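Colleague: Following this line is structure_9.csv, made up of CSV, C-alpha atoms:
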```csv
chain,number,residue,atom,x,y,z
A,1,MET,CA,0.0,0.0,0.0
A,2,THR,CA,1.3,3.4,-0.9
A,3,PRO,CA,2.1,5.5,2.2
A,4,ILE,CA,-0.1,8.6,2.7
A,5,PRO,CA,1.9,11.8,1.9
A,6,ALA,CA,2.3,14.6,4.4
A,7,ILE,CA,0.9,17.2,2.0
A,8,SER,CA,-1.0,17.2,-1.3
A,9,VAL,CA,0.0,20.2,-3.4
A,10,VAL,CA,-2.7,21.1,-5.8
A,11,VAL,CA,-1.7,23.5,-8.7
A,12,GLY,CA,-4.4,25.1,-10.9
A,13,MET,CA,-2.6,25.1,-14.2
A,14,GLN,CA,-4.4,27.6,-16.4
A,15,PHE,CA,-2.2,28.7,-19.4
A,16,ALA,CA,0.9,28.2,-17.2
A,17,GLN,CA,2.8,25.4,-18.9
A,18,SER,CA,5.9,27.6,-19.1
A,19,ASN,CA,6.1,27.6,-15.3
A,20,LEU,CA,5.9,23.9,-14.8
A,21,VAL,CA,9.7,23.1,-14.8
A,22,ALA,CA,10.3,25.7,-12.0
A,23,ILE,CA,7.3,24.4,-9.9
A,24,LEU,CA,8.6,20.8,-10.2
A,25,ALA,CA,12.1,21.8,-9.3
A,26,ALA,CA,10.9,23.6,-6.1
A,27,LEU,CA,8.9,20.5,-5.0
A,28,ALA,CA,11.3,17.8,-6.2
A,29,PRO,CA,12.9,17.1,-2.8
A,30,GLY,CA,9.5,16.3,-1.2
A,31,LEU,CA,8.4,14.3,-4.2
A,32,ALA,CA,11.6,12.2,-4.0
A,33,THR,CA,11.0,11.3,-0.4
A,34,GLY,CA,7.2,10.6,-0.7
A,35,GLN,CA,6.3,13.5,1.6
A,36,VAL,CA,4.5,15.2,-1.2
A,37,GLU,CA,2.0,14.3,-3.8
A,38,LEU,CA,1.6,16.9,-6.6
A,39,LEU,CA,-1.7,17.2,-8.4
A,40,LEU,CA,-1.5,19.2,-11.6
A,41,CYS,CA,-5.0,20.2,-12.5
A,42,HIS,CA,-5.9,21.6,-15.9
A,43,ALA,CA,-8.9,22.2,-18.2
A,44,SER,CA,-9.4,19.5,-20.8
A,45,ASP,CA,-9.0,22.1,-23.5
A,46,ASP,CA,-5.7,23.5,-22.0
A,47,PRO,CA,-3.3,20.5,-22.5
A,48,LEU,CA,-0.5,19.9,-20.1
A,49,VAL,CA,2.8,18.1,-20.9
A,50,VAL,CA,4.3,16.7,-17.8
A,51,PRO,CA,7.6,14.8,-17.5
A,52,ALA,CA,7.3,11.4,-15.7
A,53,MET,CA,8.1,11.9,-12.0
A,54,PRO,CA,7.2,10.0,-8.8
A,55,GLY,CA,4.4,11.5,-6.8
A,56,VAL,CA,3.0,13.6,-9.7
A,57,ARG,CA,-0.6,13.1,-10.8
A,58,VAL,CA,-2.3,15.0,-13.7
A,59,ILE,CA,-6.0,15.7,-13.4
A,60,ALA,CA,-8.0,16.9,-16.5
A,61,GLY,CA,-11.0,19.0,-15.5
A,62,GLU,CA,-13.9,20.2,-17.5
A,63,LYS,CA,-13.4,22.2,-20.7
A,64,ASP,CA,-12.7,25.9,-20.0
A,65,ALA,CA,-12.5,25.3,-16.2
A,66,LEU,CA,-11.5,28.2,-14.0
A,67,ILE,CA,-8.7,27.8,-11.4
A,68,PRO,CA,-11.2,27.5,-8.4
A,69,GLU,CA,-12.8,24.6,-10.2
A,70,LEU,CA,-9.4,23.0,-10.9
A,71,TRP,CA,-8.5,23.4,-7.2
A,72,ARG,CA,-11.7,21.6,-6.3
A,73,ASP,CA,-10.8,18.7,-8.5
A,74,GLY,CA,-7.4,18.4,-6.8
A,75,ILE,CA,-8.7,18.8,-3.3
A,76,VAL,CA,-11.3,16.0,-3.8
A,77,ALA,CA,-8.6,13.7,-5.3
A,78,ALA,CA,-5.9,14.5,-2.7
A,79,ARG,CA,-4.8,11.8,-0.3
A,80,ALA,CA,-3.0,13.9,2.4
A,81,PRO,CA,-4.7,15.5,5.4
A,82,VAL,CA,-3.1,18.8,4.4
A,83,VAL,CA,-3.5,20.5,1.0
A,84,GLY,CA,-1.3,23.2,-0.4
A,85,LEU,CA,-2.9,25.3,-3.1
A,86,LEU,CA,-1.0,27.2,-5.8
A,87,SER,CA,-1.8,28.9,-9.1
A,88,GLY,CA,0.4,27.8,-12.0
A,89,HIS,CA,1.4,31.5,-12.2
A,90,CYS,CA,2.9,31.4,-8.7
A,91,VAL,CA,6.2,29.6,-8.4
A,92,PRO,CA,7.1,28.4,-4.9
A,93,SER,CA,10.4,29.3,-3.3
A,94,ALA,CA,13.1,26.8,-2.4
A,95,THR,CA,11.9,26.9,1.2
A,96,TRP,CA,8.2,26.9,0.5
A,97,LEU,CA,7.7,23.2,1.2
A,98,ASP,CA,9.6,23.1,4.5
A,99,THR,CA,7.5,26.1,5.6
A,100,ALA,CA,4.3,24.5,4.6
A,101,LEU,CA,5.1,21.2,6.4
A,102,GLY,CA,5.9,23.2,9.6
A,103,LEU,CA,2.6,25.1,9.8
A,104,ASP,CA,0.4,24.3,12.9
A,105,LEU,CA,-2.9,23.5,11.3
A,106,GLN,CA,-4.5,22.7,14.7
A,107,LYS,CA,-4.0,26.4,15.6
A,108,HIS,CA,-5.3,27.8,12.3
A,109,VAL,CA,-7.4,26.0,9.6
A,110,GLY,CA,-5.4,27.7,6.9
A,111,TYR,CA,-2.4,29.8,6.2
A,112,GLY,CA,-1.7,32.2,3.4
A,113,GLY,CA,1.8,33.3,2.2
A,114,ARG,CA,3.5,36.2,0.5
A,115,ILE,CA,3.1,36.6,-3.3
A,116,VAL,CA,6.0,38.7,-4.7
A,117,ASN,CA,6.2,39.8,-8.2
A,118,ASP,CA,8.7,38.5,-10.7
A,119,PRO,CA,11.5,41.2,-11.0
A,120,MET,CA,11.5,40.6,-14.7
A,121,SER,CA,7.8,41.1,-15.1
A,122,ASP,CA,6.4,43.2,-17.9
A,123,ARG,CA,3.6,45.8,-17.6
A,124,VAL,CA,0.8,43.2,-17.9
A,125,GLY,CA,2.3,40.9,-15.3
A,126,THR,CA,2.9,43.8,-12.9
A,127,ALA,CA,-0.7,45.0,-13.4
A,128,ILE,CA,-2.0,41.5,-12.6
A,129,HIS,CA,0.1,41.3,-9.5
A,130,LEU,CA,-1.0,44.7,-8.3
A,131,LEU,CA,-4.7,43.8,-8.9
A,132,ARG,CA,-4.7,40.3,-7.4
A,133,TYR,CA,-1.9,40.2,-4.8
A,134,SER,CA,-1.0,43.7,-3.6
A,135,SER,CA,-2.6,42.9,-0.2
A,136,PHE,CA,-0.3,39.8,0.2
A,137,ALA,CA,2.9,41.0,-1.4
A,138,HIS,CA,4.7,42.5,1.6
A,139,PHE,CA,4.1,41.6,5.2
A,140,ASP,CA,6.7,40.6,7.8
A,141,THR,CA,4.8,39.2,10.8
A,142,ALA,CA,2.5,36.2,11.2
A,143,ARG,CA,-1.0,37.2,12.3
A,144,THR,CA,-4.6,36.1,12.2
A,145,VAL,CA,-6.5,37.6,9.3
A,146,PRO,CA,-10.0,37.2,7.8
A,147,GLU,CA,-8.8,36.4,4.3
A,148,ILE,CA,-5.8,34.8,2.6
A,149,ALA,CA,-5.1,34.2,-1.1
A,150,ALA,CA,-5.6,30.6,-2.2
A,151,ASP,CA,-3.0,31.1,-4.9
A,152,ASN,CA,-0.4,30.5,-2.1
A,153,ALA,CA,-2.1,28.8,0.8
A,154,VAL,CA,-2.1,25.7,3.0
A,155,TYR,CA,-5.3,24.3,4.5
A,156,ARG,CA,-6.5,21.4,6.6
A,157,ARG,CA,-8.3,19.2,4.0
A,158,ASP,CA,-11.0,18.0,6.3
A,159,ALA,CA,-12.2,21.6,7.0
A,160,ILE,CA,-12.6,22.1,3.2
A,161,LEU,CA,-14.4,18.8,2.8
A,162,GLY,CA,-16.7,19.8,5.7
A,163,CYS,CA,-18.2,22.4,3.4
A,164,ALA,CA,-19.5,19.8,1.0
A,165,ASP,CA,-22.4,22.0,-0.2
A,166,LEU,CA,-19.9,24.6,-1.5
A,167,LEU,CA,-17.5,22.3,-3.3
A,168,PRO,CA,-19.6,21.5,-6.4
A,169,ASP,CA,-19.2,25.1,-7.4
A,170,GLY,CA,-15.4,25.1,-7.0
A,171,PHE,CA,-13.0,26.2,-4.3
A,172,TRP,CA,-13.9,29.9,-4.3
A,173,GLU,CA,-12.0,30.8,-1.1
A,174,PRO,CA,-14.1,33.7,0.3
A,175,SER,CA,-17.1,31.5,0.6
A,176,PHE,CA,-15.1,28.8,2.5
A,177,HIS,CA,-13.3,31.4,4.6
A,178,ALA,CA,-16.7,32.8,5.7
A,179,ARG,CA,-17.8,29.3,6.6
A,180,PHE,CA,-14.6,28.7,8.6
A,181,ARG,CA,-15.1,31.9,10.6
A,182,ALA,CA,-18.7,31.0,11.3
A,183,ALA,CA,-17.5,27.7,12.7
A,184,GLY,CA,-14.9,29.4,15.0
A,185,ASP,CA,-11.9,28.5,12.9
A,186,SER,CA,-9.2,31.1,12.0
A,187,LEU,CA,-6.8,31.9,9.2
A,188,ALA,CA,-3.3,33.3,9.4
A,189,LEU,CA,-0.5,34.8,7.4
A,190,ALA,CA,2.8,33.0,7.2
A,191,PRO,CA,5.5,35.4,5.9
A,192,ASP,CA,8.0,32.6,5.1
A,193,LEU,CA,5.5,30.9,2.8
A,194,VAL,CA,6.7,32.7,-0.3
A,195,VAL,CA,5.9,32.3,-4.0
A,196,THR,CA,6.9,34.5,-7.0
A,197,HIS,CA,4.2,35.6,-9.4
A,198,VAL,CA,5.4,34.8,-12.9
A,199,ASN,CA,2.5,35.7,-15.2
A,200,ARG,CA,1.8,33.6,-18.3
A,201,TYR,CA,-1.7,35.1,-19.2
A,202,SER,CA,-2.0,37.1,-22.3
A,203,PRO,CA,-4.0,40.3,-21.8
A,204,THR,CA,-7.0,38.9,-23.6
A,205,ALA,CA,-7.0,35.7,-21.6
A,206,PHE,CA,-6.8,37.6,-18.3
A,207,MET,CA,-9.5,40.0,-19.3
A,208,ARG,CA,-11.8,37.1,-20.0
A,209,GLN,CA,-10.8,35.4,-16.7
A,210,ARG,CA,-11.6,38.7,-14.8
A,211,ARG,CA,-15.1,38.9,-16.5
A,212,ARG,CA,-15.9,35.3,-15.6
A,213,HIS,CA,-14.7,35.7,-12.0
A,214,GLY,CA,-16.7,38.9,-11.8
A,215,VAL,CA,-19.9,37.1,-13.0
A,216,HIS,CA,-19.5,34.4,-10.4
A,217,PHE,CA,-18.9,37.0,-7.7
A,218,GLY,CA,-22.0,39.0,-8.7
A,219,GLN,CA,-24.2,35.9,-9.0
A,220,THR,CA,-23.1,34.5,-5.7
A,221,ARG,CA,-23.4,37.8,-3.8
A,222,ALA,CA,-26.9,38.5,-5.1
A,223,GLY,CA,-28.2,34.9,-5.5
A,224,GLY,CA,-29.7,34.6,-2.0
A,225,ALA,CA,-30.9,38.2,-1.7
A,226,PRO,CA,-34.5,39.4,-2.0
A,227,THR,CA,-35.6,40.6,-5.4
A,228,GLY,CA,-35.4,44.3,-4.4
A,229,ARG,CA,-31.9,43.9,-3.1
A,230,ARG,CA,-30.8,42.2,-6.3
A,231,TRP,CA,-32.1,45.1,-8.3
A,232,LEU,CA,-30.3,47.6,-6.0
A,233,MET,CA,-27.0,45.7,-6.5
A,234,LEU,CA,-27.5,45.8,-10.3
A,235,LEU,CA,-28.4,49.5,-10.5
A,236,THR,CA,-25.6,50.6,-8.3
A,237,SER,CA,-23.0,48.3,-9.8
A,238,PRO,CA,-21.5,51.0,-12.1
A,239,ALA,CA,-20.1,52.6,-8.9
A,240,ALA,CA,-18.0,49.5,-8.2
A,241,PHE,CA,-15.3,50.4,-10.7
A,242,PRO,CA,-14.3,53.8,-9.3
A,243,ILE,CA,-14.5,52.6,-5.7
A,244,PHE,CA,-12.3,49.5,-6.5
A,245,ALA,CA,-9.9,51.6,-8.5
A,246,ALA,CA,-9.5,54.2,-5.8
A,247,LYS,CA,-8.9,51.5,-3.1
A,248,ILE,CA,-6.2,49.6,-5.1
A,249,THR,CA,-4.5,52.9,-6.3
A,250,THR,CA,-4.3,54.2,-2.7
A,251,GLN,CA,-3.0,50.9,-1.4
A,252,VAL,CA,-0.3,50.7,-4.0
A,253,LEU,CA,0.9,54.3,-3.8
A,254,ARG,CA,1.3,54.0,0.0
A,255,ASP,CA,3.8,51.1,-0.5
A,256,ALA,CA,7.1,52.2,-2.1
A,257,ARG,CA,7.8,48.6,-3.0
A,258,LEU,CA,4.6,48.3,-4.9
A,259,LYS,CA,4.7,51.8,-6.4
A,260,HIS,CA,7.7,50.8,-8.6
A,261,GLY,CA,6.3,50.2,-12.1
A,262,PHE,CA,2.8,51.3,-11.1
A,263,TRP,CA,2.5,54.1,-13.6
A,264,SER,CA,3.6,52.1,-16.6
A,265,ALA,CA,1.3,49.2,-15.6
A,266,ALA,CA,-1.7,51.5,-14.7
A,267,PRO,CA,-3.5,51.3,-18.1
A,268,TRP,CA,-3.6,47.5,-17.9
A,269,LEU,CA,-4.5,47.6,-14.2
A,270,TYR,CA,-7.6,49.7,-14.8
A,271,LEU,CA,-8.5,47.8,-17.9
A,272,PHE,CA,-8.5,44.5,-15.9
A,273,MET,CA,-10.5,46.2,-13.2
A,274,ALA,CA,-13.1,47.3,-15.7
A,275,ASN,CA,-13.4,43.8,-17.0
A,276,TRP,CA,-14.1,42.5,-13.5
A,277,SER,CA,-16.7,45.3,-12.9
A,278,LEU,CA,-18.4,44.4,-16.2
A,279,GLY,CA,-18.5,40.8,-15.2
A,280,GLU,CA,-19.9,41.7,-11.7
A,281,SER,CA,-22.7,43.7,-13.2
A,282,GLY,CA,-23.4,40.8,-15.5
A,283,GLY,CA,-23.6,38.5,-12.5
A,284,TYR,CA,-26.1,40.8,-10.8
A,285,ALA,CA,-28.2,40.9,-14.1
A,286,LYS,CA,-28.2,37.1,-14.1
A,287,ALA,CA,-29.4,37.0,-10.5
A,288,VAL,CA,-32.1,39.5,-11.3
A,289,PHE,CA,-33.4,38.0,-14.5
A,290,GLY,CA,-32.4,34.4,-14.0
A,291,GLY,CA,-33.5,33.8,-10.4
A,292,GLN,CA,-31.3,32.4,-7.6
A,293,ARG,CA,-28.2,30.3,-8.2
```
Write out the structure in this file as C-alpha cells.

Modeller:
Amino acid sequence: MTPIPAISVVVGMQFAQSNLVAILAALAPGLATGQVELLLCHASDDPLVVPAMPGVRVIAGEKDALIPELWRDGIVAARAPVVGLLSGHCVPSATWLDTALGLDLQKHVGYGGRIVNDPMSDRVGTAIHLLRYSSFAHFDTARTVPEIAADNAVYRRDAILGCADLLPDGFWEPSFHARFRAAGDSLALAPDLVVTHVNRYSPTAFMRQRRRHGVHFGQTRAGGAPTGRRWLMLLTSPAAFPIFAAKITTQVLRDARLKHGFWSAAPWLYLFMANWSLGESGGYAKAVFGGQR
C-alpha cells in the first residue's frame, strides 16, 4: 500500500505550462521522499505536458474550467490530510515546502503566504500582480486575518471537505473562509511561505478570466438576496469600478515597493478592473433575470 503523503500540493494550471519546470524543481525534494504528492489540474482544452516523476498526478478538469474549479478537482482527489494550493502562475520558493510542512494546522485552519512579483515582469504581469496580490505582497509578521489568497495557501483538508455543499461550485475561497469563521476557525498569514508571481496570461486571456470571475462574484453575492436587493445591486454596480480603482490605487501608492512600475502598468490595471466590474454587473443581471443560483 502506498504511504499517505504529508501534504498534497494542488496546482491550478491555467495557461501556465511555461512555469511547470520551475514548480517541479521547487517541490522535487519532497516528491523524491514521498512526503509530497503533486496534483497538476488543468482544463481538458488546455493541454499539459508533464515529465514522468514519482508522486505527480495529472487531473484533467472540465473544458474551460477556472482555477477554483481545478482546485476543487485536486482537493477532492488529494490523499494527504493537508492541502497546499498554488496557481500555476505562482512559483514556490526553495523553502516553500519546508515552511508548509511546519505550519500548525491545529491552531489555524489555513495559512496564506507572500506573493511577490517577478522582478523581470512586464507591464501586464505587474498589473495583474497589483490587482490580485498587492494585499499579500509585503508583510513581515505572522498574524490572524479574515482572508488569505488561495493562490499560495495551505489548508486542513477535512475543513474544506466539511463544506460539502460549497464544493460543487469550486473552491472559491471567500465562501469557504466565511464558513470557517462562522465555525470558529481562523486563518493566518505566514511570511515565510513565499511564491513568485510569474505571469503567463495574455492580456486577452486575463480580461476574459476577470469577467468570468466577476460574473461568479455577482451571482453569488446577489443569489440569496431578496428581489429588491438584487435590483439595487444591479443598478448601483457601475459605482464598483471607481471605488475599486481608488482602493487599489491608494494601497499601491502607499507602499514604495509596490509603487515601482505602477505608472507604466496602470492602463492595464484599470482595464483589468473594468473587466471585473463588467462581469460583476453581468452576475447581478443574471441573478435578477435568471433567479437564484

Colleague: Segment 110-188 of chain A near segment 207-210 of chain A within 12 Å: what's each residue's closest atom pair and its distance in Å to one decimal, counting all atoms listed in the file, ordered by chain then ascending residue number, as a Markdown table?

Modeller:
```
| residue | atom | partner | partner_atom | distance |
| --- | --- | --- | --- | --- |
| A:Val124 | CA | A:Met207 | CA | 10.9 |
| A:Ala127 | CA | A:Met207 | CA | 11.7 |
| A:Ile128 | CA | A:Met207 | CA | 10.2 |
| A:Leu131 | CA | A:Arg210 | CA | 10.4 |
| A:Arg132 | CA | A:Arg210 | CA | 10.2 |
```

Colleague: Any idea what's packed within 8 Å of segment 70-79 of chain A, counting only C-alpha atoms, ignoring anything in its chain fewer than 2 positions away? Could you give it as a ChimeraX atom specification?

Modeller: /A:4-5,8,10-13,37,39-43,59,61,65-68,81,83,85,157,161,167-168,170-171

Colleague: Choose the residue, out of A:Arg221, A:Lys286, A:Lys107, A:His197, that has the smallest atom-to-atom separation from Ala22 of chain A; count only C-alpha atoms.

Modeller: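 Of the candidates, the smallest distance to Ala22 of chain A is held by A:His197.
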
Colleague: Determine the nearest neighbour of Pro146 of chain A from the options A:Pro3, A:Gly282, A:Gly228, A:Pro174, counting all atoms listed in the file.

Modeller: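 Under the stated criterion, the closest residue is A:Pro174.
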
Colleague: Smallest atom-to-atom distance to Leu97 of chain A: which of A:Ser264, A:Ser44, A:Asn152, A:Ser281, using all atoms listed in the file?

Modeller: A:Asn152

Colleague: Go through A:Asp46, A:Thr204, A:Ser134, A:His129 and flag the residue nearest Leu253 of chain A, using only C-alpha atoms for the distances.

Modeller: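 Of all the options, A:Ser134 lies closest to Leu253 of chain A.
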
Colleague: Between atom CA of Ala287 of chain A and atom CA of Ala159 of chain A, what distance in Å does the model show, to one decimal?

Modeller: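 If I compute the distance from atom CA of Ala287 of chain A to atom CA of Ala159 of chain A, I get 29.0 Å.
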
Colleague: Calculated over only C-alpha atoms, which of the candidates A:Pro226, A:Gly110, A:Pro191, A:Gly125 has the smallest distance to Trp268 of chain A?

Modeller: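 With only C-alpha atoms as the atom set, the closest residue is A:Gly125.
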
Colleague: Could you state the separation of atom CA of Met53 of chain A and atom CA of Val194 of chain A in Å, given to one decimal place?

Modeller: 23.9 Å

Colleague: Can you tell me how far atom CA of Asp185 of chain A sits from atom CA of Val109 of chain A, in Å to one decimal?

Modeller: 6.1 Å

Colleague: Hey, what's within 8 Å of Ala6 of chain A if we count only C-alpha atoms and toss same-chain stuff fewer than 4 positions away? As a PyMOL selection string, please?

Modeller: chain A and resi 35-36+80-82+101

Colleague: What's around segment 239-246 of chain A at 12 Å? Count only C-alpha atoms, leave out sequence neighbours fewer than 3 positions away in its own chain, and write the answer as a ChimeraX atom specification.

Modeller: /A:130-132,214,218,232-236,249-253,266-267,269-281

Colleague: For each of A:Ala149, A:Leu86, A:Val91, A:Ala256, take the minimum atom-to-atom distance to Tyr111 of chain A, counting all atoms listed in the file, then give the residue where this is smallest.

Modeller: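 Looking only at the distances to Tyr111 of chain A, the closest residue turns out to be A:Ala149.
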
Colleague: Show me, as a ChimeraX atom specification, the residues that have an atom within 9 Å of Thr95 of chain A when counting all atoms listed in the file, minus same-chain residues fewer than 6 positions from it.

Modeller: /A:26,192-194

Colleague: Output as a PDB file, keeping the file's coordinate frame: segment 90-101 of chain A, completed with all heavy atoms.

Modeller:
```pdb
ATOM      1  N   CYS A  90       2.184  31.063  -9.931  1.00  0.00           N
ATOM      2  CA  CYS A  90       2.900  31.400  -8.700  1.00  0.00           C
ATOM      3  C   CYS A  90       3.909  30.238  -8.434  1.00  0.00           C
ATOM      4  O   CYS A  90       3.518  29.094  -8.151  1.00  0.00           O
ATOM      5  CB  CYS A  90       1.935  31.488  -7.532  1.00  0.00           C
ATOM      6  SG  CYS A  90       0.859  32.942  -7.645  1.00  0.00           S
ATOM      7  N   VAL A  91       5.175  30.553  -8.537  1.00  0.00           N
ATOM      8  CA  VAL A  91       6.200  29.600  -8.400  1.00  0.00           C
ATOM      9  C   VAL A  91       6.754  29.560  -6.966  1.00  0.00           C
ATOM     10  O   VAL A  91       7.211  30.592  -6.467  1.00  0.00           O
ATOM     11  CB  VAL A  91       7.404  29.883  -9.372  1.00  0.00           C
ATOM     12  CG1 VAL A  91       8.542  28.884  -9.186  1.00  0.00           C
ATOM     13  CG2 VAL A  91       6.899  29.874 -10.818  1.00  0.00           C
ATOM     14  N   PRO A  92       6.695  28.403  -6.281  1.00  0.00           N
ATOM     15  CA  PRO A  92       7.100  28.400  -4.900  1.00  0.00           C
ATOM     16  C   PRO A  92       8.626  28.546  -4.734  1.00  0.00           C
ATOM     17  O   PRO A  92       9.407  28.126  -5.589  1.00  0.00           O
ATOM     18  CB  PRO A  92       6.678  26.974  -4.413  1.00  0.00           C
ATOM     19  CG  PRO A  92       6.536  26.165  -5.653  1.00  0.00           C
ATOM     20  CD  PRO A  92       6.155  27.117  -6.747  1.00  0.00           C
ATOM     21  N   SER A  93       9.014  29.156  -3.613  1.00  0.00           N
ATOM     22  CA  SER A  93      10.400  29.300  -3.300  1.00  0.00           C
ATOM     23  C   SER A  93      11.043  28.000  -2.900  1.00  0.00           C
ATOM     24  O   SER A  93      10.344  27.013  -2.639  1.00  0.00           O
ATOM     25  CB  SER A  93      10.592  30.345  -2.171  1.00  0.00           C
ATOM     26  OG  SER A  93      10.074  29.803  -0.964  1.00  0.00           O
ATOM     27  N   ALA A  94      12.369  27.980  -2.780  1.00  0.00           N
ATOM     28  CA  ALA A  94      13.100  26.800  -2.400  1.00  0.00           C
ATOM     29  C   ALA A  94      12.714  26.311  -0.987  1.00  0.00           C
ATOM     30  O   ALA A  94      12.843  25.129  -0.654  1.00  0.00           O
ATOM     31  CB  ALA A  94      14.577  26.985  -2.505  1.00  0.00           C
ATOM     32  N   THR A  95      12.255  27.252  -0.135  1.00  0.00           N
ATOM     33  CA  THR A  95      11.900  26.900   1.200  1.00  0.00           C
ATOM     34  C   THR A  95      10.394  26.770   1.450  1.00  0.00           C
ATOM     35  O   THR A  95       9.952  26.552   2.581  1.00  0.00           O
ATOM     36  CB  THR A  95      12.435  27.995   2.201  1.00  0.00           C
ATOM     37  OG1 THR A  95      11.865  29.263   1.838  1.00  0.00           O
ATOM     38  CG2 THR A  95      13.958  28.087   2.123  1.00  0.00           C
ATOM     39  N   TRP A  96       9.625  26.902   0.365  1.00  0.00           N
ATOM     40  CA  TRP A  96       8.200  26.900   0.500  1.00  0.00           C
ATOM     41  C   TRP A  96       7.689  25.555   1.137  1.00  0.00           C
ATOM     42  O   TRP A  96       6.857  25.564   2.058  1.00  0.00           O
ATOM     43  CB  TRP A  96       7.521  27.036  -0.882  1.00  0.00           C
ATOM     44  CG  TRP A  96       6.020  27.143  -0.869  1.00  0.00           C
ATOM     45  CD1 TRP A  96       5.287  28.289  -0.816  1.00  0.00           C
ATOM     46  CD2 TRP A  96       5.058  26.068  -0.907  1.00  0.00           C
ATOM     47  NE1 TRP A  96       3.934  28.003  -0.826  1.00  0.00           N
ATOM     48  CE2 TRP A  96       3.772  26.646  -0.880  1.00  0.00           C
ATOM     49  CE3 TRP A  96       5.168  24.688  -0.968  1.00  0.00           C
ATOM     50  CZ2 TRP A  96       2.597  25.889  -0.901  1.00  0.00           C
ATOM     51  CZ3 TRP A  96       4.008  23.905  -0.988  1.00  0.00           C
ATOM     52  CH2 TRP A  96       2.741  24.505  -0.948  1.00  0.00           C
ATOM     53  N   LEU A  97       8.198  24.444   0.673  1.00  0.00           N
ATOM     54  CA  LEU A  97       7.700  23.200   1.200  1.00  0.00           C
ATOM     55  C   LEU A  97       8.032  22.947   2.634  1.00  0.00           C
ATOM     56  O   LEU A  97       7.154  22.514   3.400  1.00  0.00           O
ATOM     57  CB  LEU A  97       8.333  22.022   0.323  1.00  0.00           C
ATOM     58  CG  LEU A  97       7.862  20.609   0.664  1.00  0.00           C
ATOM     59  CD1 LEU A  97       6.350  20.504   0.564  1.00  0.00           C
ATOM     60  CD2 LEU A  97       8.539  19.595  -0.243  1.00  0.00           C
ATOM     61  N   ASP A  98       9.240  23.251   3.052  1.00  0.00           N
ATOM     62  CA  ASP A  98       9.600  23.100   4.500  1.00  0.00           C
ATOM     63  C   ASP A  98       8.696  23.980   5.343  1.00  0.00           C
ATOM     64  O   ASP A  98       8.251  23.563   6.423  1.00  0.00           O
ATOM     65  CB  ASP A  98      11.052  23.452   4.708  1.00  0.00           C
ATOM     66  CG  ASP A  98      12.002  22.381   4.200  1.00  0.00           C
ATOM     67  OD1 ASP A  98      11.551  21.233   4.002  1.00  0.00           O
ATOM     68  OD2 ASP A  98      13.186  22.693   3.981  1.00  0.00           O
ATOM     69  N   THR A  99       8.431  25.195   4.876  1.00  0.00           N
ATOM     70  CA  THR A  99       7.500  26.100   5.600  1.00  0.00           C
ATOM     71  C   THR A  99       6.141  25.514   5.707  1.00  0.00           C
ATOM     72  O   THR A  99       5.518  25.499   6.780  1.00  0.00           O
ATOM     73  CB  THR A  99       7.507  27.479   4.969  1.00  0.00           C
ATOM     74  OG1 THR A  99       8.817  28.033   4.940  1.00  0.00           O
ATOM     75  CG2 THR A  99       6.588  28.419   5.725  1.00  0.00           C
ATOM     76  N   ALA A 100       5.634  25.016   4.590  1.00  0.00           N
ATOM     77  CA  ALA A 100       4.300  24.500   4.600  1.00  0.00           C
ATOM     78  C   ALA A 100       4.153  23.267   5.516  1.00  0.00           C
ATOM     79  O   ALA A 100       3.149  23.123   6.231  1.00  0.00           O
ATOM     80  CB  ALA A 100       3.921  24.035   3.139  1.00  0.00           C
ATOM     81  N   LEU A 101       5.174  22.418   5.532  1.00  0.00           N
ATOM     82  CA  LEU A 101       5.100  21.200   6.400  1.00  0.00           C
ATOM     83  C   LEU A 101       5.248  21.588   7.870  1.00  0.00           C
ATOM     84  O   LEU A 101       4.841  20.796   8.737  1.00  0.00           O
ATOM     85  CB  LEU A 101       6.244  20.268   6.000  1.00  0.00           C
ATOM     86  CG  LEU A 101       6.069  19.574   4.641  1.00  0.00           C
ATOM     87  CD1 LEU A 101       7.340  18.829   4.251  1.00  0.00           C
ATOM     88  CD2 LEU A 101       4.875  18.627   4.667  1.00  0.00           C
TER      89      LEU A 101
END
```
